[in-house]
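Student: File name final_2.txt; file contents compact mmCIF, C-alpha atoms and all ligand atoms; full text below.
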# COMPACT_ATOMS: atom_id res chain seq x y z
CA MET A 1 0.12 9.68 -16.55
CA ARG A 2 -0.15 8.36 -13.03
CA LYS A 3 0.58 4.69 -12.55
CA GLN A 4 -2.34 2.41 -11.79
CA ILE A 5 -1.37 -0.15 -9.19
CA VAL A 6 -3.08 -3.10 -7.57
CA ALA A 7 -1.15 -4.56 -4.63
CA GLY A 8 -2.08 -7.61 -2.59
CA ASN A 9 -1.16 -7.40 1.08
CA TRP A 10 -1.11 -10.98 2.28
CA LYS A 11 -0.57 -9.88 5.90
CA MET A 12 0.34 -12.75 8.31
CA ASN A 13 -1.16 -15.43 6.09
CA ASN A 14 0.30 -18.33 4.10
CA ASP A 15 3.23 -20.52 5.08
CA LEU A 16 5.82 -21.50 2.49
CA SER A 17 3.80 -24.18 0.72
CA GLN A 18 0.63 -22.04 0.73
CA THR A 19 2.65 -19.16 -0.70
CA GLU A 20 3.96 -21.40 -3.45
CA SER A 21 0.46 -22.67 -4.26
CA LEU A 22 -0.96 -19.14 -4.44
CA ILE A 23 1.87 -18.06 -6.73
CA THR A 24 1.27 -21.07 -8.98
CA GLU A 25 -2.37 -19.99 -9.26
CA LEU A 26 -1.46 -16.35 -9.90
CA LYS A 27 0.86 -17.35 -12.73
CA LYS A 28 -1.96 -19.20 -14.52
CA ILE A 29 -4.14 -16.11 -14.86
CA LYS A 30 -3.85 -13.67 -17.71
CA LYS A 31 -3.59 -10.01 -16.88
CA THR A 32 -5.73 -7.92 -19.19
CA SER A 33 -5.25 -4.53 -17.54
CA THR A 34 -2.35 -2.11 -17.67
CA ALA A 35 -2.16 -1.80 -13.88
CA GLU A 36 1.08 -2.67 -12.13
CA VAL A 37 0.60 -5.73 -9.94
CA MET A 38 2.36 -6.38 -6.64
CA VAL A 39 2.06 -8.95 -3.88
CA ALA A 40 3.38 -8.70 -0.33
CA PRO A 41 4.09 -12.06 1.32
CA THR A 42 5.47 -12.41 4.86
CA PHE A 43 9.19 -11.92 5.44
CA THR A 44 9.95 -15.67 5.53
CA ASN A 45 8.51 -16.16 2.05
CA LEU A 46 9.86 -13.07 0.32
CA TYR A 47 12.81 -14.66 -1.41
CA ASN A 48 10.92 -17.73 -2.58
CA ALA A 49 8.14 -15.50 -3.90
CA PHE A 50 10.62 -13.17 -5.58
CA ASP A 51 12.36 -16.11 -7.20
CA ALA A 52 9.11 -17.74 -8.35
CA LEU A 53 7.80 -14.50 -9.87
CA ARG A 54 11.08 -13.30 -11.45
CA GLU A 55 10.00 -13.86 -15.04
CA THR A 56 6.55 -12.33 -14.57
CA ASP A 57 5.29 -8.77 -14.25
CA ILE A 58 4.14 -9.31 -10.67
CA GLU A 59 6.44 -7.45 -8.28
CA VAL A 60 7.09 -8.92 -4.84
CA ILE A 61 7.09 -6.28 -2.12
CA ALA A 62 7.52 -6.22 1.68
CA GLN A 63 4.89 -5.44 4.32
CA ASN A 64 7.19 -3.52 6.66
CA MET A 65 10.82 -2.77 7.56
CA HIS A 66 12.85 -1.14 10.31
CA PHE A 67 14.40 2.32 9.97
CA ALA A 68 17.89 1.36 11.14
CA ALA A 69 20.51 0.00 8.75
CA ASN A 70 21.47 -2.81 11.14
CA GLY A 71 22.14 -3.40 14.82
CA ALA A 72 20.53 -4.56 18.04
CA TYR A 73 16.87 -4.63 16.97
CA THR A 74 15.89 -8.23 17.63
CA GLY A 75 13.29 -9.49 15.22
CA GLU A 76 13.53 -6.60 12.78
CA ILE A 77 14.46 -6.42 9.09
CA SER A 78 16.32 -3.57 7.36
CA ALA A 79 15.97 -2.01 3.93
CA SER A 80 19.29 -3.44 2.74
CA MET A 81 18.19 -6.92 3.83
CA LEU A 82 15.04 -6.57 1.76
CA LYS A 83 17.03 -5.34 -1.20
CA SER A 84 19.44 -8.25 -0.90
CA VAL A 85 16.56 -10.65 -1.64
CA GLY A 86 15.32 -8.63 -4.60
CA ILE A 87 12.70 -6.43 -2.91
CA GLN A 88 12.42 -2.85 -4.22
CA THR A 89 9.16 -1.69 -2.66
CA VAL A 90 7.89 -1.65 0.92
CA ILE A 91 4.51 -0.96 2.52
CA LEU A 92 4.90 1.42 5.47
CA GLY A 93 2.39 2.77 7.98
CA HIS A 94 -0.31 0.14 7.63
CA SER A 95 -2.98 0.73 10.29
CA GLU A 96 -2.29 -2.70 11.77
CA ARG A 97 1.34 -1.65 12.33
CA ARG A 98 0.18 1.63 13.84
CA GLU A 99 -2.39 -0.03 16.09
CA TYR A 100 -0.72 -3.26 17.26
CA PHE A 101 2.94 -2.22 17.08
CA ASN A 102 2.65 1.41 18.13
CA GLU A 103 4.14 2.84 14.97
CA SER A 104 3.96 6.60 15.29
CA ASP A 105 4.12 9.23 12.58
CA ALA A 106 7.63 10.13 13.79
CA MET A 107 8.81 6.53 13.51
CA LEU A 108 7.20 6.23 10.08
CA ALA A 109 9.01 9.36 8.92
CA LYS A 110 12.28 7.61 9.81
CA LYS A 111 11.21 4.44 8.00
CA VAL A 112 10.30 6.43 4.90
CA ASP A 113 13.72 8.13 4.99
CA ALA A 114 15.47 4.77 5.33
CA ALA A 115 13.57 3.27 2.42
CA LEU A 116 14.28 6.25 0.17
CA ALA A 117 17.95 6.32 1.21
CA ASN A 118 18.10 2.73 -0.02
CA SER A 119 16.43 3.65 -3.33
CA MET A 120 13.28 1.77 -2.47
CA ARG A 121 9.75 2.67 -3.40
CA VAL A 122 7.29 3.21 -0.54
CA ILE A 123 3.58 2.48 -0.38
CA PHE A 124 2.65 4.77 2.49
CA CYS A 125 -0.64 3.89 4.26
CA PHE A 126 -2.87 6.00 6.45
CA GLY A 127 -6.55 6.32 7.29
CA GLU A 128 -8.99 7.32 9.98
CA VAL A 129 -10.82 5.18 12.54
CA LEU A 130 -14.61 5.02 12.62
CA GLU A 131 -14.88 7.55 15.44
CA ASP A 132 -13.06 10.16 13.36
CA ARG A 133 -15.28 9.45 10.37
CA LYS A 134 -18.41 9.77 12.49
CA SER A 135 -17.31 13.02 14.09
CA GLY A 136 -16.35 14.49 10.71
CA ASN A 137 -12.67 14.67 11.70
CA HIS A 138 -11.44 12.27 9.01
CA GLU A 139 -9.76 14.86 6.79
CA ASN A 140 -7.86 16.38 9.74
CA VAL A 141 -6.62 12.96 10.80
CA VAL A 142 -5.52 11.93 7.32
CA GLY A 143 -3.99 15.34 6.63
CA SER A 144 -1.86 15.16 9.74
CA GLN A 145 -0.79 11.56 9.14
CA ILE A 146 0.51 12.62 5.73
CA LYS A 147 2.13 15.86 6.90
CA ASN A 148 3.81 14.33 9.94
CA ALA A 149 5.41 11.44 8.10
CA LEU A 150 6.07 12.88 4.64
CA PHE A 151 6.19 16.66 4.53
CA HIS A 152 9.86 16.87 5.52
CA LEU A 153 10.65 15.35 2.11
CA GLU A 154 11.77 17.22 -1.01
CA ALA A 155 9.31 17.21 -3.90
CA ASP A 156 11.55 14.85 -5.85
CA ALA A 157 11.06 12.11 -3.27
CA PHE A 158 7.43 11.76 -4.33
CA LYS A 159 8.60 10.00 -7.50
CA HIS A 160 9.22 7.04 -5.19
CA ILE A 161 6.11 7.29 -3.05
CA VAL A 162 2.68 5.77 -3.56
CA LEU A 163 -0.05 6.72 -1.11
CA ALA A 164 -2.67 4.29 0.16
CA TYR A 165 -5.80 5.57 1.86
CA GLU A 166 -7.17 2.78 4.02
CA PRO A 167 -10.01 3.83 6.32
CA VAL A 168 -9.56 1.60 9.36
CA TRP A 169 -13.30 0.98 9.61
CA ALA A 170 -13.29 -0.59 6.14
CA ILE A 171 -10.37 -2.98 6.64
CA GLY A 172 -11.42 -6.61 6.89
CA THR A 173 -14.95 -5.59 7.84
CA GLY A 174 -16.70 -6.08 4.51
CA GLU A 175 -17.74 -2.45 4.78
CA THR A 176 -16.17 -0.52 1.92
CA ALA A 177 -15.99 3.22 1.71
CA SER A 178 -18.47 4.22 -0.97
CA PRO A 179 -16.86 5.21 -4.27
CA GLU A 180 -17.87 8.81 -3.45
CA GLN A 181 -16.28 8.68 0.01
CA ALA A 182 -13.10 7.29 -1.53
CA GLN A 183 -13.07 9.93 -4.27
CA ASP A 184 -13.70 12.78 -1.81
CA MET A 185 -10.84 11.69 0.41
CA HIS A 186 -8.47 11.06 -2.51
CA ALA A 187 -9.23 14.54 -3.87
CA PHE A 188 -8.53 15.99 -0.41
CA ILE A 189 -5.22 14.08 -0.27
CA ARG A 190 -4.21 15.37 -3.70
CA LYS A 191 -5.10 18.92 -2.67
CA THR A 192 -3.04 18.52 0.51
CA LEU A 193 -0.08 17.50 -1.65
CA ALA A 194 -0.72 20.31 -4.14
CA ASP A 195 -0.81 22.94 -1.39
CA LYS A 196 2.64 21.90 -0.23
CA TYR A 197 4.41 20.71 -3.40
CA GLY A 198 2.38 22.11 -6.29
CA LYS A 199 -0.07 20.61 -8.72
CA THR A 200 2.47 18.83 -10.93
CA VAL A 201 3.76 16.74 -8.03
CA ALA A 202 0.26 16.15 -6.66
CA ASP A 203 -0.99 14.99 -10.04
CA SER A 204 1.88 12.56 -10.44
CA VAL A 205 1.42 10.62 -7.20
CA SER A 206 -0.66 7.44 -7.32
CA ILE A 207 -3.21 7.19 -4.53
CA LEU A 208 -4.56 3.70 -3.83
CA TYR A 209 -7.70 2.83 -1.92
CA GLY A 210 -7.75 -0.09 0.52
CA GLY A 211 -10.50 -1.57 2.65
CA SER A 212 -12.75 -4.48 1.63
CA VAL A 213 -12.08 -4.14 -2.10
CA LYS A 214 -13.62 -7.18 -3.79
CA PRO A 215 -14.25 -8.29 -7.37
CA ASN A 216 -17.82 -6.94 -7.17
CA ASN A 217 -16.92 -3.39 -6.08
CA ALA A 218 -13.45 -2.80 -7.56
CA GLN A 219 -14.56 -1.43 -10.91
CA GLU A 220 -16.76 1.27 -9.42
CA ILE A 221 -14.10 2.38 -6.93
CA PHE A 222 -11.35 2.37 -9.59
CA SER A 223 -13.53 4.41 -11.95
CA LYS A 224 -13.18 7.47 -9.70
CA PRO A 225 -10.76 10.05 -11.10
CA ASP A 226 -8.47 10.28 -8.06
CA VAL A 227 -8.40 6.56 -7.28
CA ASP A 228 -5.34 5.08 -8.95
CA GLY A 229 -5.64 1.53 -7.71
CA GLY A 230 -6.09 -0.62 -4.67
CA LEU A 231 -4.34 -2.21 -1.74
CA ILE A 232 -6.12 -5.51 -1.29
CA GLY A 233 -6.19 -7.68 1.84
CA GLY A 234 -8.57 -10.64 2.09
CA ALA A 235 -9.42 -10.86 -1.61
CA ALA A 236 -5.71 -11.01 -2.50
CA LEU A 237 -5.44 -14.45 -0.88
CA ASN A 238 -7.45 -15.95 -3.72
CA ALA A 239 -5.79 -15.76 -7.14
CA THR A 240 -9.06 -15.60 -9.10
CA ASP A 241 -10.50 -12.83 -6.94
CA PHE A 242 -7.24 -10.89 -6.95
CA PHE A 243 -6.96 -10.95 -10.73
CA ALA A 244 -10.63 -10.08 -11.08
CA ILE A 245 -9.74 -6.92 -9.15
CA VAL A 246 -6.55 -6.29 -11.17
CA ASN A 247 -8.49 -6.74 -14.39
CA ALA A 248 -11.23 -4.38 -13.19
CA PHE A 249 -9.08 -1.56 -14.60
P1 LIG A 301 -9.14 -6.00 3.32
O1 LIG A 301 -9.13 -5.94 1.83
O2 LIG A 301 -9.12 -7.41 3.86
O3 LIG A 301 -10.19 -5.15 3.93
O4 LIG A 301 -7.72 -5.38 3.82
C1 LIG A 301 -7.30 -4.16 3.32
C2 LIG A 301 -5.91 -3.93 3.75
O5 LIG A 301 -5.65 -3.74 4.93
C3 LIG A 301 -4.85 -3.96 2.74
O6 LIG A 301 -3.65 -3.49 3.25
Give the structure from this file in structure tokens form.
Ligand code: 13P

Tutor:
Amino acid sequence: MRKQIVAGNWKMNNDLSQTESLITELKKIKKTSTAEVMVAPTFTNLYNAFDALRETDIEVIAQNMHFAANGAYTGEISASMLKSVGIQTVILGHSERREYFNESDAMLAKKVDAALANSMRVIFCFGEVLEDRKSGNHENVVGSQIKNALFHLEADAFKHIVLAYEPVWAIGTGETASPEQAQDMHAFIRKTLADKYGKTVADSVSILYGGSVKPNNAQEIFSKPDVDGGLIGGAALNATDFFAIVNAF
């Protein structure tokens, strides 16, 4: 069975005391679903969050990392640095990284390799912009984002990869992809994987949806057969809303 996952991407929000308060709130709420739960605080709060959530089943994950092991990359963080503070999973390829920090498919392929070489799990994000959706080019765009960054990998690597489809036009806009649009794209993604690696691999990879998932729409989106969970932005900054989404499974 594929894993169901709900991950909160806190983006560049919450200083140390806000992070601690949010974690205190998260710890008060009872999880009633079987989904794996993850939260991604900023780099400066990773260790405190990891430490505070040690005894819980909420995994603390990172929002990004560099591909190099170490060296002259001012301001960057490596996989081994993340691992040294307890982090086992990293989000790579978020559209905000692609757009504002010029992360290319080629760079992301190197980041994926570095994460896997360090035995980390990757949540690999991709998604089309509104223009591509409107012109009907969304599948081509998503297909090439996946192929360019991941298709050099051996099939076995997909045990450590979670995919996250995040249409750029739905991120932070309040405009969610309809459950049907999400399902259609997730089915296309699974077929793309199956064509390259076979059905067994394709059926084993969790594919999350991200983009304005809220307590009032999560259940319908998660009910689609190829949607295995969500990557949550804004709603993950509120413990009650986040757990309402987690418990929508
Ligand atoms: P929103 O849920 O705020 O639209 O953000 C989605 C996202 O980018 C998660 O990575």

Student: Residues within 9 Å of ligand LIG 301 (chain A) (all atoms listed in the file), as a count of residues only?

Tutor: 36

Student: Would you mind telling me which residue in A:Ala68, A:Lys83, A:Val90, A:Lys196 lies nearest to Thr42 (chain A) when using all atoms listed in the file?

Tutor: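 Between A:Ala68, A:Lys83, A:Val90, A:Lys196, the residue approaching Thr42 (chain A) most closely is A:Val90.
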
Student: Go through A:Asn137, A:Ser178, A:Ser144, A:Asn70 and flag the residue nearest Ala114 (chain A), using only C-alpha atoms for the distances.

Tutor: A:Asn70

Student: Ranking A:Arg133, A:Arg98, A:Lys30, A:Arg190 by minimum distance to Leu163 (chain A) and counting all atoms listed in the file, which one comes first?

Tutor: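 Of A:Arg133, A:Arg98, A:Lys30, A:Arg190, the one nearest Leu163 (chain A) is A:Arg190, counting all atoms listed in the file.
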
Student: So how far away is CA of Leu46 (chain A) from CA of Thr24 (chain A), in Å?

Tutor: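 Between CA of Thr24 (chain A) and CA of Leu46 (chain A) the gap is 15.0 Å.
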
Student: Any chance you could build region 86-100 of chain A out to N, CA, C and O atoms and write it as a PDB file, in the coordinates of the input?

Tutor:
ATOM      1  N   GLY A  86      15.990  -9.048  -3.362  1.00  0.00           N
ATOM      2  CA  GLY A  86      15.320  -8.630  -4.600  1.00  0.00           C
ATOM      3  C   GLY A  86      14.145  -7.686  -4.407  1.00  0.00           C
ATOM      4  O   GLY A  86      13.456  -7.349  -5.372  1.00  0.00           O
ATOM      5  N   ILE A  87      13.894  -7.241  -3.176  1.00  0.00           N
ATOM      6  CA  ILE A  87      12.700  -6.430  -2.910  1.00  0.00           C
ATOM      7  C   ILE A  87      13.018  -4.941  -3.101  1.00  0.00           C
ATOM      8  O   ILE A  87      13.982  -4.424  -2.537  1.00  0.00           O
ATOM      9  N   GLN A  88      12.191  -4.271  -3.873  1.00  0.00           N
ATOM     10  CA  GLN A  88      12.420  -2.850  -4.220  1.00  0.00           C
ATOM     11  C   GLN A  88      11.370  -1.920  -3.629  1.00  0.00           C
ATOM     12  O   GLN A  88      11.497  -0.708  -3.722  1.00  0.00           O
ATOM     13  N   THR A  89      10.295  -2.502  -3.116  1.00  0.00           N
ATOM     14  CA  THR A  89       9.160  -1.690  -2.660  1.00  0.00           C
ATOM     15  C   THR A  89       8.707  -2.187  -1.290  1.00  0.00           C
ATOM     16  O   THR A  89       8.683  -3.401  -1.048  1.00  0.00           O
ATOM     17  N   VAL A  90       8.344  -1.254  -0.421  1.00  0.00           N
ATOM     18  CA  VAL A  90       7.890  -1.650   0.920  1.00  0.00           C
ATOM     19  C   VAL A  90       6.630  -0.881   1.315  1.00  0.00           C
ATOM     20  O   VAL A  90       6.512   0.311   1.018  1.00  0.00           O
ATOM     21  N   ILE A  91       5.696  -1.593   1.932  1.00  0.00           N
ATOM     22  CA  ILE A  91       4.510  -0.960   2.520  1.00  0.00           C
ATOM     23  C   ILE A  91       4.923  -0.401   3.884  1.00  0.00           C
ATOM     24  O   ILE A  91       5.518  -1.120   4.691  1.00  0.00           O
ATOM     25  N   LEU A  92       4.618   0.834   4.151  1.00  0.00           N
ATOM     26  CA  LEU A  92       4.900   1.420   5.470  1.00  0.00           C
ATOM     27  C   LEU A  92       3.645   2.088   6.006  1.00  0.00           C
ATOM     28  O   LEU A  92       2.865   2.657   5.243  1.00  0.00           O
ATOM     29  N   GLY A  93       3.472   2.021   7.328  1.00  0.00           N
ATOM     30  CA  GLY A  93       2.390   2.770   7.980  1.00  0.00           C
ATOM     31  C   GLY A  93       1.036   2.102   7.939  1.00  0.00           C
ATOM     32  O   GLY A  93       0.020   2.765   8.202  1.00  0.00           O
ATOM     33  N   HIS A  94       0.990   0.808   7.632  1.00  0.00           N
ATOM     34  CA  HIS A  94      -0.310   0.140   7.630  1.00  0.00           C
ATOM     35  C   HIS A  94      -0.970   0.325   9.003  1.00  0.00           C
ATOM     36  O   HIS A  94      -0.302   0.302  10.040  1.00  0.00           O
ATOM     37  N   SER A  95      -2.286   0.453   9.011  1.00  0.00           N
ATOM     38  CA  SER A  95      -2.980   0.730  10.290  1.00  0.00           C
ATOM     39  C   SER A  95      -2.767  -0.382  11.308  1.00  0.00           C
ATOM     40  O   SER A  95      -2.794  -0.138  12.514  1.00  0.00           O
ATOM     41  N   GLU A  96      -2.543  -1.613  10.814  1.00  0.00           N
ATOM     42  CA  GLU A  96      -2.290  -2.700  11.770  1.00  0.00           C
ATOM     43  C   GLU A  96      -0.932  -2.520  12.434  1.00  0.00           C
ATOM     44  O   GLU A  96      -0.761  -2.865  13.608  1.00  0.00           O
ATOM     45  N   ARG A  97       0.038  -1.980  11.727  1.00  0.00           N
ATOM     46  CA  ARG A  97       1.340  -1.650  12.330  1.00  0.00           C
ATOM     47  C   ARG A  97       1.176  -0.500  13.324  1.00  0.00           C
ATOM     48  O   ARG A  97       1.754  -0.505  14.397  1.00  0.00           O
ATOM     49  N   ARG A  98       0.382   0.476  12.940  1.00  0.00           N
ATOM     50  CA  ARG A  98       0.180   1.630  13.840  1.00  0.00           C
ATOM     51  C   ARG A  98      -0.532   1.170  15.115  1.00  0.00           C
ATOM     52  O   ARG A  98      -0.153   1.548  16.215  1.00  0.00           O
ATOM     53  N   GLU A  99      -1.564   0.341  14.940  1.00  0.00           N
ATOM     54  CA  GLU A  99      -2.390  -0.030  16.090  1.00  0.00           C
ATOM     55  C   GLU A  99      -1.720  -1.065  17.005  1.00  0.00           C
ATOM     56  O   GLU A  99      -1.678  -0.891  18.218  1.00  0.00           O
ATOM     57  N   TYR A 100      -1.212  -2.161  16.423  1.00  0.00           N
ATOM     58  CA  TYR A 100      -0.720  -3.260  17.260  1.00  0.00           C
ATOM     59  C   TYR A 100       0.759  -3.121  17.607  1.00  0.00           C
ATOM     60  O   TYR A 100       1.250  -3.786  18.504  1.00  0.00           O
TER      61      TYR A 100
END
